[in-house]
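Pasting work06.pdb here (PDB, C-alpha atoms):
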MODEL        1
ATOM      1  CA  MET Y   1      86.262 125.334 108.077
ATOM      2  CA  SER Y   2      84.362 128.511 107.219
ATOM      3  CA  GLU Y   3      80.854 128.054 105.842
ATOM      4  CA  ARG Y   4      80.942 131.456 104.166
ATOM      5  CA  ARG Y   5      80.427 131.329 100.408
ATOM      6  CA  TYR Y   6      82.554 133.702  98.314
ATOM      7  CA  ALA Y   7      81.941 135.272  94.910
ATOM      8  CA  ILE Y   8      84.826 136.719  92.906
ATOM      9  CA  ILE Y   9      83.623 139.486  90.587
ATOM     10  CA  GLY Y  10      86.486 139.909  88.147
ATOM     11  CA  THR Y  11      88.825 136.937  87.791
ATOM     12  CA  GLY Y  12      91.962 138.681  86.576
ATOM     13  CA  ALA Y  13      95.386 138.545  88.222
ATOM     14  CA  LEU Y  14      94.148 139.846  91.568
ATOM     15  CA  GLY Y  15      90.727 138.215  91.809
ATOM     16  CA  GLY Y  16      92.023 134.980  90.319
ATOM     17  CA  PHE Y  17      94.931 134.786  92.748
ATOM     18  CA  TYR Y  18      92.970 135.435  95.932
ATOM     19  CA  GLY Y  19      89.968 133.388  94.812
ATOM     20  CA  ALA Y  20      92.163 130.437  93.869
ATOM     21  CA  ARG Y  21      93.918 130.567  97.226
ATOM     22  CA  LEU Y  22      90.562 130.594  99.032
ATOM     23  CA  GLN Y  23      89.320 127.579  97.050
ATOM     24  CA  LYS Y  24      92.597 125.727  97.581
ATOM     25  CA  ALA Y  25      92.077 126.234 101.334
ATOM     26  CA  GLY Y  26      88.683 124.521 101.089
ATOM     27  CA  LEU Y  27      86.300 127.480 100.886
ATOM     28  CA  ASP Y  28      83.278 127.582  98.592
ATOM     29  CA  VAL Y  29      84.234 130.062  95.848
ATOM     30  CA  HIS Y  30      82.373 131.150  92.691
ATOM     31  CA  PHE Y  31      84.138 133.028  89.891
ATOM     32  CA  LEU Y  32      82.629 135.517  87.430
ATOM     33  CA  LEU Y  33      84.635 135.681  84.214
ATOM     34  CA  ASN Y  34      84.443 137.390  80.863
ATOM     35  CA  SER Y  35      86.910 136.531  78.088
ATOM     36  CA  ASP Y  36      88.445 133.582  79.984
ATOM     37  CA  TYR Y  37      85.125 131.907  80.751
ATOM     38  CA  GLU Y  38      85.273 129.027  78.247
ATOM     39  CA  HIS Y  39      88.881 128.191  79.074
ATOM     40  CA  VAL Y  40      88.439 128.313  82.845
ATOM     41  CA  LYS Y  41      85.151 126.406  82.727
ATOM     42  CA  LYS Y  42      86.954 123.611  80.881
ATOM     43  CA  SER Y  43      90.462 123.709  82.379
ATOM     44  CA  GLY Y  44      90.274 125.592  85.681
ATOM     45  CA  LEU Y  45      92.914 127.959  87.054
ATOM     46  CA  ILE Y  46      96.711 127.787  87.219
ATOM     47  CA  VAL Y  47      98.707 129.832  89.732
ATOM     48  CA  GLU Y  48     102.484 130.124  89.491
ATOM     49  CA  SER Y  49     103.619 131.552  92.804
ATOM     50  CA  LYS Y  50     106.771 132.298  94.718
ATOM     51  CA  ASP Y  51     104.988 130.499  97.568
ATOM     52  CA  GLY Y  52     104.437 127.350  95.502
ATOM     53  CA  ASP Y  53     102.683 126.606  92.218
ATOM     54  CA  PHE Y  54      99.270 124.956  92.164
ATOM     55  CA  SER Y  55      96.344 124.335  89.854
ATOM     56  CA  LEU Y  56      92.595 123.982  90.312
ATOM     57  CA  PRO Y  57      91.334 121.707  87.521
ATOM     58  CA  GLN Y  58      87.722 122.484  88.373
ATOM     59  CA  VAL Y  59      86.245 125.774  89.558
ATOM     60  CA  ASN Y  60      82.742 127.221  89.754
ATOM     61  CA  ALA Y  61      82.887 129.483  86.683
ATOM     62  CA  TYR Y  62      80.126 131.791  85.430
ATOM     63  CA  ARG Y  63      79.676 134.302  82.663
ATOM     64  CA  ASP Y  64      76.476 135.835  84.098
ATOM     65  CA  VAL Y  65      75.774 136.867  87.718
ATOM     66  CA  ALA Y  66      72.180 135.702  87.233
ATOM     67  CA  GLN Y  67      73.511 132.126  87.192
ATOM     68  CA  MET Y  68      75.561 132.530  90.403
ATOM     69  CA  PRO Y  69      74.310 131.549  93.848
ATOM     70  CA  GLN Y  70      73.864 134.258  96.449
ATOM     71  CA  CYS Y  71      77.059 134.591  98.457
ATOM     72  CA  ASP Y  72      77.991 135.733 101.944
ATOM     73  CA  VAL Y  73      81.005 137.722 100.730
ATOM     74  CA  VAL Y  74      81.240 139.253  97.263
ATOM     75  CA  VAL Y  75      84.787 140.231  96.333
ATOM     76  CA  VAL Y  76      84.930 143.085  93.814
ATOM     77  CA  ALA Y  77      88.193 142.627  91.926
ATOM     78  CA  LEU Y  78      87.255 144.519  88.759
ATOM     79  CA  LYS Y  79      89.224 147.518  87.585
ATOM     80  CA  THR Y  80      87.449 150.712  88.670
ATOM     81  CA  THR Y  81      86.943 151.541  84.974
ATOM     82  CA  GLN Y  82      84.251 148.816  85.042
ATOM     83  CA  ASN Y  83      82.416 150.053  88.134
ATOM     84  CA  HIS Y  84      79.526 151.257  85.980
ATOM     85  CA  LEU Y  85      78.614 147.540  85.748
ATOM     86  CA  LEU Y  86      78.304 147.052  89.507
ATOM     87  CA  PRO Y  87      74.635 148.149  89.818
ATOM     88  CA  GLN Y  88      73.744 145.150  87.626
ATOM     89  CA  MET Y  89      76.308 142.767  89.115
ATOM     90  CA  LEU Y  90      76.111 143.175  92.889
ATOM     91  CA  PRO Y  91      72.421 143.020  93.919
ATOM     92  CA  PRO Y  92      71.719 139.524  92.495
ATOM     93  CA  VAL Y  93      74.755 137.839  94.052
ATOM     94  CA  VAL Y  94      75.201 139.319  97.548
ATOM     95  CA  LYS Y  95      73.100 137.922 100.390
ATOM     96  CA  ASP Y  96      71.051 140.215 102.570
ATOM     97  CA  HIS Y  97      73.247 141.125 105.562
ATOM     98  CA  GLY Y  98      76.246 139.799 103.663
ATOM     99  CA  ALA Y  99      79.389 141.746 102.791
ATOM    100  CA  VAL Y 100      81.003 143.315  99.757
ATOM    101  CA  LEU Y 101      84.803 143.311  99.901
ATOM    102  CA  VAL Y 102      86.164 145.981  97.557
ATOM    103  CA  LEU Y 103      89.675 145.016  96.410
ATOM    104  CA  GLN Y 104      90.274 148.079  94.236
ATOM    105  CA  ASN Y 105      92.726 150.935  94.023
ATOM    106  CA  GLY Y 106      91.891 154.586  94.519
ATOM    107  CA  LEU Y 107      89.769 156.765  96.765
ATOM    108  CA  SER Y 108      86.001 156.764  97.448
ATOM    109  CA  VAL Y 109      85.402 153.361  95.850
ATOM    110  CA  GLU Y 110      83.554 152.005  98.910
ATOM    111  CA  ALA Y 111      81.209 154.986  98.907
ATOM    112  CA  GLU Y 112      80.194 154.100  95.334
ATOM    113  CA  VAL Y 113      79.432 150.514  96.314
ATOM    114  CA  ALA Y 114      77.449 151.586  99.397
ATOM    115  CA  GLN Y 115      75.073 153.501  97.108
ATOM    116  CA  ILE Y 116      74.327 150.311  95.152
ATOM    117  CA  VAL Y 117      73.624 147.712  97.859
ATOM    118  CA  ASN Y 118      71.584 147.942 101.061
ATOM    119  CA  ASN Y 119      71.635 145.826 104.218
ATOM    120  CA  VAL Y 120      75.208 144.689 103.647
ATOM    121  CA  SER Y 121      78.601 145.553 105.088
ATOM    122  CA  VAL Y 122      81.006 147.292 102.730
ATOM    123  CA  ILE Y 123      84.635 146.561 103.464
ATOM    124  CA  GLY Y 124      87.644 148.046 101.722
ATOM    125  CA  GLY Y 125      90.628 145.862 100.962
ATOM    126  CA  LEU Y 126      94.005 147.348 100.069
ATOM    127  CA  CYS Y 127      96.098 144.753  98.271
ATOM    128  CA  PHE Y 128      99.878 144.759  98.215
ATOM    129  CA  LEU Y 129     100.275 142.185  95.473
ATOM    130  CA  CYS Y 130     102.664 141.779  92.561
ATOM    131  CA  ALA Y 131     100.857 139.447  90.161
ATOM    132  CA  ASN Y 132     100.071 139.330  86.453
ATOM    133  CA  LYS Y 133      97.734 137.289  84.292
ATOM    134  CA  VAL Y 134      99.973 135.622  81.691
ATOM    135  CA  GLY Y 135      97.315 133.626  79.849
ATOM    136  CA  PRO Y 136      93.670 132.535  80.084
ATOM    137  CA  GLY Y 137      93.133 131.346  83.653
ATOM    138  CA  HIS Y 138      96.898 131.516  84.250
ATOM    139  CA  ILE Y 139      98.185 133.824  87.003
ATOM    140  CA  ARG Y 140     101.798 134.498  87.912
ATOM    141  CA  HIS Y 141     102.343 135.675  91.496
ATOM    142  CA  LEU Y 142     105.676 137.476  91.737
ATOM    143  CA  ASP Y 143     105.753 138.898  95.242
ATOM    144  CA  TYR Y 144     103.837 140.014  98.340
ATOM    145  CA  GLY Y 145     100.089 139.450  98.735
ATOM    146  CA  ARG Y 146      99.146 141.176 102.013
ATOM    147  CA  ILE Y 147      95.710 142.790 102.351
ATOM    148  CA  ILE Y 148      94.693 145.575 104.739
ATOM    149  CA  LEU Y 149      90.983 145.532 105.631
ATOM    150  CA  GLY Y 150      88.866 148.445 106.804
ATOM    151  CA  GLU Y 151      85.091 148.688 107.154
ATOM    152  CA  TYR Y 152      83.310 151.553 105.427
ATOM    153  CA  ILE Y 153      81.084 153.845 107.452
ATOM    154  CA  PRO Y 154      79.339 156.785 105.698
ATOM    155  CA  ASP Y 155      81.708 159.725 105.161
ATOM    156  CA  TYR Y 156      84.583 157.405 106.126
ATOM    157  CA  ALA Y 157      83.977 157.832 109.844
ATOM    158  CA  LEU Y 158      86.158 155.668 112.068
ATOM    159  CA  ALA Y 159      84.750 152.135 112.178
ATOM    160  CA  GLY Y 160      87.220 150.339 114.396
ATOM    161  CA  ILE Y 161      87.827 146.605 114.038
ATOM    162  CA  THR Y 162      84.494 144.923 113.327
ATOM    163  CA  ASP Y 163      83.450 141.294 113.686
ATOM    164  CA  ARG Y 164      82.843 141.038 109.932
ATOM    165  CA  MET Y 165      86.374 142.218 109.184
ATOM    166  CA  GLN Y 166      87.773 139.618 111.566
ATOM    167  CA  GLN Y 167      85.708 136.829 110.003
ATOM    168  CA  ILE Y 168      86.908 137.652 106.495
ATOM    169  CA  ALA Y 169      90.488 138.081 107.692
ATOM    170  CA  HIS Y 170      90.319 134.624 109.287
ATOM    171  CA  ASP Y 171      89.187 133.064 105.993
ATOM    172  CA  PHE Y 172      91.999 134.703 104.039
ATOM    173  CA  GLU Y 173      94.567 133.793 106.679
ATOM    174  CA  SER Y 174      93.446 130.174 106.423
ATOM    175  CA  ALA Y 175      94.397 130.456 102.733
ATOM    176  CA  GLY Y 176      97.882 131.691 103.606
ATOM    177  CA  ILE Y 177      97.211 135.376 102.937
ATOM    178  CA  SER Y 178      98.747 137.869 105.346
ATOM    179  CA  MET Y 179      96.030 140.164 106.690
ATOM    180  CA  GLU Y 180      95.986 143.422 108.636
ATOM    181  CA  SER Y 181      93.003 145.319 110.033
ATOM    182  CA  ALA Y 182      92.735 149.111 109.922
ATOM    183  CA  GLU Y 183      90.505 151.115 112.227
ATOM    184  CA  ASP Y 184      90.589 154.071 109.805
ATOM    185  CA  LEU Y 185      89.810 153.083 106.204
ATOM    186  CA  LEU Y 186      90.249 156.603 104.838
ATOM    187  CA  LEU Y 187      93.767 156.869 106.245
ATOM    188  CA  ALA Y 188      94.591 153.425 104.856
ATOM    189  CA  ARG Y 189      93.338 154.511 101.413
ATOM    190  CA  TRP Y 190      95.514 157.642 101.426
ATOM    191  CA  LYS Y 191      98.516 155.604 102.551
ATOM    192  CA  LYS Y 192      98.040 153.201  99.640
ATOM    193  CA  LEU Y 193      97.997 156.178  97.283
ATOM    194  CA  VAL Y 194     101.477 157.109  98.543
ATOM    195  CA  TRP Y 195     102.688 154.186  96.420
ATOM    196  CA  ASN Y 196     100.028 154.000  93.725
ATOM    197  CA  ILE Y 197     100.108 157.602  92.545
ATOM    198  CA  PRO Y 198     103.826 157.988  91.774
ATOM    199  CA  TYR Y 199     104.585 154.508  90.475
ATOM    200  CA  ASN Y 200     101.432 153.880  88.441
ATOM    201  CA  GLY Y 201     101.470 157.355  86.926
ATOM    202  CA  LEU Y 202     105.177 157.644  86.163
ATOM    203  CA  SER Y 203     105.436 154.092  84.860
ATOM    204  CA  VAL Y 204     102.971 154.989  82.102
ATOM    205  CA  ILE Y 205     104.201 158.482  81.292
ATOM    206  CA  LEU Y 206     107.902 157.569  81.375
ATOM    207  CA  ASN Y 207     107.567 154.004  80.049
ATOM    208  CA  ALA Y 208     109.482 152.584  83.009
ATOM    209  CA  GLN Y 209     109.346 149.805  85.581
ATOM    210  CA  THR Y 210     109.662 150.446  89.297
ATOM    211  CA  ASP Y 211     113.377 149.607  89.436
ATOM    212  CA  GLU Y 212     114.147 152.105  86.673
ATOM    213  CA  LEU Y 213     112.261 154.858  88.456
ATOM    214  CA  MET Y 214     114.193 154.172  91.639
ATOM    215  CA  ALA Y 215     117.617 153.910  89.981
ATOM    216  CA  ASN Y 216     117.554 157.368  88.386
ATOM    217  CA  PHE Y 217     118.238 160.353  90.673
ATOM    218  CA  HIS Y 218     115.702 162.653  88.994
ATOM    219  CA  THR Y 219     112.808 160.201  88.861
ATOM    220  CA  ARG Y 220     113.464 159.025  92.411
ATOM    221  CA  GLN Y 221     113.303 162.652  93.547
ATOM    222  CA  LEU Y 222     110.032 163.092  91.647
ATOM    223  CA  VAL Y 223     108.627 159.946  93.298
ATOM    224  CA  GLU Y 224     109.418 161.418  96.727
ATOM    225  CA  GLN Y 225     107.851 164.762  95.800
ATOM    226  CA  LEU Y 226     104.667 163.034  94.618
ATOM    227  CA  MET Y 227     104.527 161.013  97.819
ATOM    228  CA  SER Y 228     104.770 164.209  99.845
ATOM    229  CA  GLU Y 229     101.856 165.669  97.868
ATOM    230  CA  VAL Y 230      99.759 162.601  98.666
ATOM    231  CA  ALA Y 231     100.534 163.211 102.346
ATOM    232  CA  ALA Y 232      99.362 166.820 101.881
ATOM    233  CA  GLY Y 233      96.127 165.539 100.364
ATOM    234  CA  ALA Y 234      95.614 163.227 103.316
ATOM    235  CA  LYS Y 235      96.259 166.097 105.727
ATOM    236  CA  SER Y 236      93.473 168.075 104.035
ATOM    237  CA  CYS Y 237      91.170 165.250 105.197
ATOM    238  CA  ASP Y 238      92.617 165.384 108.732
ATOM    239  CA  ARG Y 239      94.656 162.224 108.163
ATOM    240  CA  ILE Y 240      98.368 162.358 108.963
ATOM    241  CA  ILE Y 241     100.940 160.331 107.013
ATOM    242  CA  PRO Y 242     104.358 160.644 108.672
ATOM    243  CA  ASP Y 243     107.607 161.103 106.741
ATOM    244  CA  SER Y 244     108.703 157.739 108.103
ATOM    245  CA  PHE Y 245     105.918 156.060 106.111
ATOM    246  CA  ILE Y 246     107.144 157.685 102.898
ATOM    247  CA  GLN Y 247     110.641 156.400 103.603
ATOM    248  CA  LYS Y 248     109.169 152.960 104.299
ATOM    249  CA  MET Y 249     107.505 152.942 100.858
ATOM    250  CA  LEU Y 250     110.756 153.963  99.178
ATOM    251  CA  ASP Y 251     112.655 151.204 100.982
ATOM    252  CA  TYR Y 252     109.870 148.732 100.143
ATOM    253  CA  THR Y 253     110.173 149.556  96.431
ATOM    254  CA  ASP Y 254     113.971 149.410  96.489
ATOM    255  CA  LYS Y 255     113.703 145.797  97.651
ATOM    256  CA  MET Y 256     110.913 144.896  95.237
ATOM    257  CA  LYS Y 257     111.632 142.818  92.174
ATOM    258  CA  PRO Y 258     111.492 144.876  88.938
ATOM    259  CA  TYR Y 259     107.775 145.393  88.430
ATOM    260  CA  ARG Y 260     105.560 146.637  85.626
ATOM    261  CA  THR Y 261     102.658 148.309  87.401
ATOM    262  CA  SER Y 262      99.040 147.386  86.764
ATOM    263  CA  MET Y 263      98.410 150.740  85.089
ATOM    264  CA  LYS Y 264     101.412 150.238  82.801
ATOM    265  CA  ILE Y 265     100.093 146.803  81.823
ATOM    266  CA  ASP Y 266      96.663 148.312  81.083
ATOM    267  CA  TYR Y 267      98.280 151.015  78.966
ATOM    268  CA  ASP Y 268     100.468 148.551  77.059
ATOM    269  CA  GLU Y 269      97.400 146.378  76.404
ATOM    270  CA  HIS Y 270      95.373 149.421  75.254
ATOM    271  CA  ARG Y 271      92.871 149.081  78.081
ATOM    272  CA  PRO Y 272      91.208 152.027  79.875
ATOM    273  CA  LEU Y 273      93.273 153.457  82.729
ATOM    274  CA  GLU Y 274      92.070 153.888  86.320
ATOM    275  CA  VAL Y 275      92.804 157.610  86.187
ATOM    276  CA  GLU Y 276      89.733 158.872  88.030
ATOM    277  CA  ALA Y 277      89.825 156.535  91.031
ATOM    278  CA  ILE Y 278      93.578 156.831  91.634
ATOM    279  CA  PHE Y 279      94.230 160.449  90.594
ATOM    280  CA  GLY Y 280      90.975 162.324  89.964
ATOM    281  CA  ASN Y 281      89.153 161.447  93.191
ATOM    282  CA  PRO Y 282      92.051 162.390  95.523
ATOM    283  CA  LEU Y 283      92.660 165.609  93.577
ATOM    284  CA  ARG Y 284      89.021 166.673  93.775
ATOM    285  CA  LYS Y 285      88.814 165.790  97.456
ATOM    286  CA  ALA Y 286      91.877 167.912  98.310
ATOM    287  CA  GLN Y 287      90.867 170.797  96.039
ATOM    288  CA  ALA Y 288      87.394 170.911  97.613
ATOM    289  CA  LEU Y 289      89.173 171.417 100.940
ATOM    290  CA  GLY Y 290      91.365 174.209  99.565
ATOM    291  CA  VAL Y 291      94.554 172.212  98.952
ATOM    292  CA  ASN Y 292      96.225 172.135  95.531
ATOM    293  CA  LEU Y 293      98.444 169.216  94.512
ATOM    294  CA  PRO Y 294     100.267 170.541  91.420
ATOM    295  CA  ARG Y 295     102.481 167.565  90.597
ATOM    296  CA  ILE Y 296      99.621 165.090  90.958
ATOM    297  CA  SER Y 297      97.449 167.422  88.868
ATOM    298  CA  CYS Y 298     100.111 167.379  86.149
ATOM    299  CA  LEU Y 299     100.177 163.572  86.177
ATOM    300  CA  TYR Y 300      96.381 163.477  86.059
ATOM    301  CA  GLN Y 301      96.208 165.743  82.998
ATOM    302  CA  GLN Y 302      98.878 163.771  81.137
ATOM    303  CA  LEU Y 303      97.209 160.453  81.923
ATOM    304  CA  LYS Y 304      93.817 161.776  80.828
ATOM    305  CA  PHE Y 305      95.373 162.663  77.461
ATOM    306  CA  LEU Y 306      96.926 159.208  77.100
ATOM    307  CA  ASP Y 307      93.693 157.536  78.191
ATOM    308  CA  THR Y 308      91.713 159.288  75.448
ATOM    309  CA  ARG Y 309      94.072 157.729  72.903
ATOM    310  CA  THR Y 310      93.365 154.176  74.103
ATOM    311  CA  PRO Y 311      90.179 153.551  72.039
ATOM    312  CA  LYS Y 312      91.928 154.784  68.863
ATOM    313  CA  LEU Y 313      95.017 152.664  69.518
ATOM    314  CA  LEU Y 314      92.840 149.613  70.136
ATOM    315  CA  SER Y 315      90.868 150.288  66.945
ATOM    316  CA  ASP Y 316      94.062 150.654  64.913
ATOM    317  CA  LYS Y 317      95.436 147.425  66.406
ATOM    318  CA  THR Y 318      92.211 145.553  65.557
ATOM    319  CA  GLN Y 319      92.302 146.732  61.940
ATOM    320  CA  GLN Y 320      95.913 145.661  61.372
TER
ENDMDL
END
Give the structure from the file, written as structure tokens.
Amino acid sequence: MSERRYAIIGTGALGGFYGARLQKAGLDVHFLLNSDYEHVKKSGLIVESKDGDFSLPQVNAYRDVAQMPQCDVVVVALKTTQNHLLPQMLPPVVKDHGAVLVLQNGLSVEAEVAQIVNNVSVIGGLCFLCANKVGPGHIRHLDYGRIILGEYIPDYALAGITDRMQQIAHDFESAGISMESAEDLLLARWKKLVWNIPYNGLSVILNAQTDELMANFHTRQLVEQLMSEVAAGAKSCDRIIPDSFIQKMLDYTDKMKPYRTSMKIDYDEHRPLEVEAIFGNPLRKAQALGVNLPRISCLYQQLKFLDTRTPKLLSDKTQQ
């Protein structure tokens, strides 16, 4: 059994699911929570899963990182819209020479973390997970769950497969999570955007689930065009995404259960959208290298407009 101690920073659908699986497998896990703290402290976590339901009546729950023990691996499972909190959250909880595992969407997120903590490994984790939080401390796992790991080296230089990646992968595999290691984290990030950019963006703008986007000829064509633009962005960074990968993502989504994307859920719940990490950062990276991505730029501008309405919509909802 691994002696590594894990911290979960952000116990939503993603952090709650993976953290609960790790604890169920016998690992020492500590959960940072916000609104669910009182409930989870008292009643623990419930996971409904296609792989089997389970509950953890008791978990190590905290509302303040100052109360948490220092951990060998700190899992960042916050939305990127909360990354401004990381300079206060990470230093107290990560051990010297430990690791920060960044389970977030978008581009350049590891570089942000590397500026906050020293003497630690920063590892990116790309999650292919369909899960929602359906109540306080209550997570519903619908499908998938695989994670691709890649270690961050400054400027996203090739890192290869490191010992730290293999150690963390072993822990997750012991919890029944399918793991894959990537030698090139930047390429893996761009490949994840092939799915995230079209489906997250269009689901919000068109008020549609993944199955609806795939069933309509026009939106399916737009999905493919957006995927091709992501590949063009990757090429600007000297990373090649083959057409076969785009077809693989289309086939993958065809077989997926009807899914309301994480960005659509955030929009429906009047929460800030991860526009900058998923759309803004890739756009700026490509544009700095002389490559324009017009369809992605259009999505970005529309989402920025919708995102500015979120505080007003939330205020109106509160006053009702």
>> To test your reading of the syntax: which residues would the PyMOL selection byres ((chain Y and resi 301-308) around 12) return for the file shown? Reply as number ranges by chain.
In response: Y: 81, 197, 200-206, 263-264, 266-276, 278-280, 283, 294-300, 309-314
Can you spit out the residues from that selection as a PDB file, keeping the file's coordinate frame, using C-alpha atoms?
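Contents of the output file out06.pdb:
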ATOM      1  CA  THR Y  81      86.943 151.541  84.974  1.00  0.00           C
ATOM      2  CA  ILE Y 197     100.108 157.602  92.545  1.00  0.00           C
ATOM      3  CA  ASN Y 200     101.432 153.880  88.441  1.00  0.00           C
ATOM      4  CA  GLY Y 201     101.470 157.355  86.926  1.00  0.00           C
ATOM      5  CA  LEU Y 202     105.177 157.644  86.163  1.00  0.00           C
ATOM      6  CA  SER Y 203     105.436 154.092  84.860  1.00  0.00           C
ATOM      7  CA  VAL Y 204     102.971 154.989  82.102  1.00  0.00           C
ATOM      8  CA  ILE Y 205     104.201 158.482  81.292  1.00  0.00           C
ATOM      9  CA  LEU Y 206     107.902 157.569  81.375  1.00  0.00           C
ATOM     10  CA  MET Y 263      98.410 150.740  85.089  1.00  0.00           C
ATOM     11  CA  LYS Y 264     101.412 150.238  82.801  1.00  0.00           C
ATOM     12  CA  ASP Y 266      96.663 148.312  81.083  1.00  0.00           C
ATOM     13  CA  TYR Y 267      98.280 151.015  78.966  1.00  0.00           C
ATOM     14  CA  ASP Y 268     100.468 148.551  77.059  1.00  0.00           C
ATOM     15  CA  GLU Y 269      97.400 146.378  76.404  1.00  0.00           C
ATOM     16  CA  HIS Y 270      95.373 149.421  75.254  1.00  0.00           C
ATOM     17  CA  ARG Y 271      92.871 149.081  78.081  1.00  0.00           C
ATOM     18  CA  PRO Y 272      91.208 152.027  79.875  1.00  0.00           C
ATOM     19  CA  LEU Y 273      93.273 153.457  82.729  1.00  0.00           C
ATOM     20  CA  GLU Y 274      92.070 153.888  86.320  1.00  0.00           C
ATOM     21  CA  VAL Y 275      92.804 157.610  86.187  1.00  0.00           C
ATOM     22  CA  GLU Y 276      89.733 158.872  88.030  1.00  0.00           C
ATOM     23  CA  ILE Y 278      93.578 156.831  91.634  1.00  0.00           C
ATOM     24  CA  PHE Y 279      94.230 160.449  90.594  1.00  0.00           C
ATOM     25  CA  GLY Y 280      90.975 162.324  89.964  1.00  0.00           C
ATOM     26  CA  LEU Y 283      92.660 165.609  93.577  1.00  0.00           C
ATOM     27  CA  PRO Y 294     100.267 170.541  91.420  1.00  0.00           C
ATOM     28  CA  ARG Y 295     102.481 167.565  90.597  1.00  0.00           C
ATOM     29  CA  ILE Y 296      99.621 165.090  90.958  1.00  0.00           C
ATOM     30  CA  SER Y 297      97.449 167.422  88.868  1.00  0.00           C
ATOM     31  CA  CYS Y 298     100.111 167.379  86.149  1.00  0.00           C
ATOM     32  CA  LEU Y 299     100.177 163.572  86.177  1.00  0.00           C
ATOM     33  CA  TYR Y 300      96.381 163.477  86.059  1.00  0.00           C
ATOM     34  CA  ARG Y 309      94.072 157.729  72.903  1.00  0.00           C
ATOM     35  CA  THR Y 310      93.365 154.176  74.103  1.00  0.00           C
ATOM     36  CA  PRO Y 311      90.179 153.551  72.039  1.00  0.00           C
ATOM     37  CA  LYS Y 312      91.928 154.784  68.863  1.00  0.00           C
ATOM     38  CA  LEU Y 313      95.017 152.664  69.518  1.00  0.00           C
ATOM     39  CA  LEU Y 314      92.840 149.613  70.136  1.00  0.00           C
TER      40      LEU Y 314
END
> Care to translate the PyMOL selection byres ((chain Y and resi 228-231) around 9) into actual residues of this file, as a PyMOL selection string?
Replying inline: chain Y and resi 190-191+193-194+197+223-227+232-236+239-243+246+282+292-296
Output C-alpha atoms for every residue in the selection just made, as a short mmCIF file (atom, residue, chain, number, x, y, z; two decimals), keeping the file's coordinate frame.
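This went into selection-v4.cif:
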data_model
loop_
_atom_site.label_atom_id
_atom_site.label_comp_id
_atom_site.auth_asym_id
_atom_site.auth_seq_id
_atom_site.Cartn_x
_atom_site.Cartn_y
_atom_site.Cartn_z
CA TRP Y 190 95.51 157.64 101.43
CA LYS Y 191 98.52 155.60 102.55
CA LEU Y 193 98.00 156.18 97.28
CA VAL Y 194 101.48 157.11 98.54
CA ILE Y 197 100.11 157.60 92.54
CA VAL Y 223 108.63 159.95 93.30
CA GLU Y 224 109.42 161.42 96.73
CA GLN Y 225 107.85 164.76 95.80
CA LEU Y 226 104.67 163.03 94.62
CA MET Y 227 104.53 161.01 97.82
CA ALA Y 232 99.36 166.82 101.88
CA GLY Y 233 96.13 165.54 100.36
CA ALA Y 234 95.61 163.23 103.32
CA LYS Y 235 96.26 166.10 105.73
CA SER Y 236 93.47 168.08 104.04
CA ARG Y 239 94.66 162.22 108.16
CA ILE Y 240 98.37 162.36 108.96
CA ILE Y 241 100.94 160.33 107.01
CA PRO Y 242 104.36 160.64 108.67
CA ASP Y 243 107.61 161.10 106.74
CA ILE Y 246 107.14 157.68 102.90
CA PRO Y 282 92.05 162.39 95.52
CA ASN Y 292 96.22 172.14 95.53
CA LEU Y 293 98.44 169.22 94.51
CA PRO Y 294 100.27 170.54 91.42
CA ARG Y 295 102.48 167.56 90.60
CA ILE Y 296 99.62 165.09 90.96
#
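CA of Ala13 (chain Y) is positioned 13.9 Å from CA of Asn105 (chain Y).
CA of Ile147 (chain Y) lies 18.9 Å from CA of Tyr199 (chain Y).
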Using all atoms listed in the file, I'd like a table of the residues in region 137-180 of chain Y that come within 9 Å of region 99-102 of chain Y; for each, show the closest atom pair and its distance in Å rounded to one decimal, ordered by chain and ascending number, as JSON lines.
{"residue": "Y:Leu149", "atom": "CA", "partner": "Y:Leu101", "partner_atom": "CA", "distance": 8.7}
{"residue": "Y:Arg164", "atom": "CA", "partner": "Y:Ala99", "partner_atom": "CA", "distance": 8.0}
{"residue": "Y:Ile168", "atom": "CA", "partner": "Y:Leu101", "partner_atom": "CA", "distance": 8.9}
>> Counting all atoms listed in the file, which residues sit no farther than 6 Å from the position (104.6, 138.5, 91.0) in the file's frame? I'd like them as a PyMOL selection string.
In response: chain Y and resi 130-131+140-143
> Counting only C-alpha atoms, what is within 7 Å of Arg260 (chain Y), bar same-chain residues fewer than 4 positions away, as a PyMOL selection string?
Replying inline: chain Y and resi 209-210+264-265
> Between Y:Ile8, Y:Leu126, Y:Val40, Y:Leu158, which is the closest to Val93 (chain Y) once you count only C-alpha atoms?
Replying inline: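 Looking at the shortest contact to Val93 (chain Y), the residue is Y:Ile8.
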> Which of these residues is nearest to Val76 (chain Y), using all atoms listed in the file: Y:Ser55, Y:Thr219, Y:Thr11, Y:Asn132?
Replying inline: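 Distance minimum relative to Val76 (chain Y) lands on Y:Thr11.
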>> Report as a VMD selection string all protein, DNA and RNA residues lying within 7 Å of Ala61 (chain Y), evaluated on only C-alpha atoms, omitting residues in the same chain fewer than 5 positions from it.
In response: chain Y and resid 30 to 33 37 40 to 41
> At what distance in Å, to one decimal, does CA of Lys248 (chain Y) lie from CA of Tyr144 (chain Y)?
Replying inline: 15.2 Å
>> When you count all atoms listed in the file, which of these residues is closest to Tyr259 (chain Y): Y:Gln247, Y:Gln221, Y:Met214, Y:Ile177?
In response: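 Once distances to Tyr259 (chain Y) are computed over all atoms listed in the file, the minimum belongs to Y:Met214.
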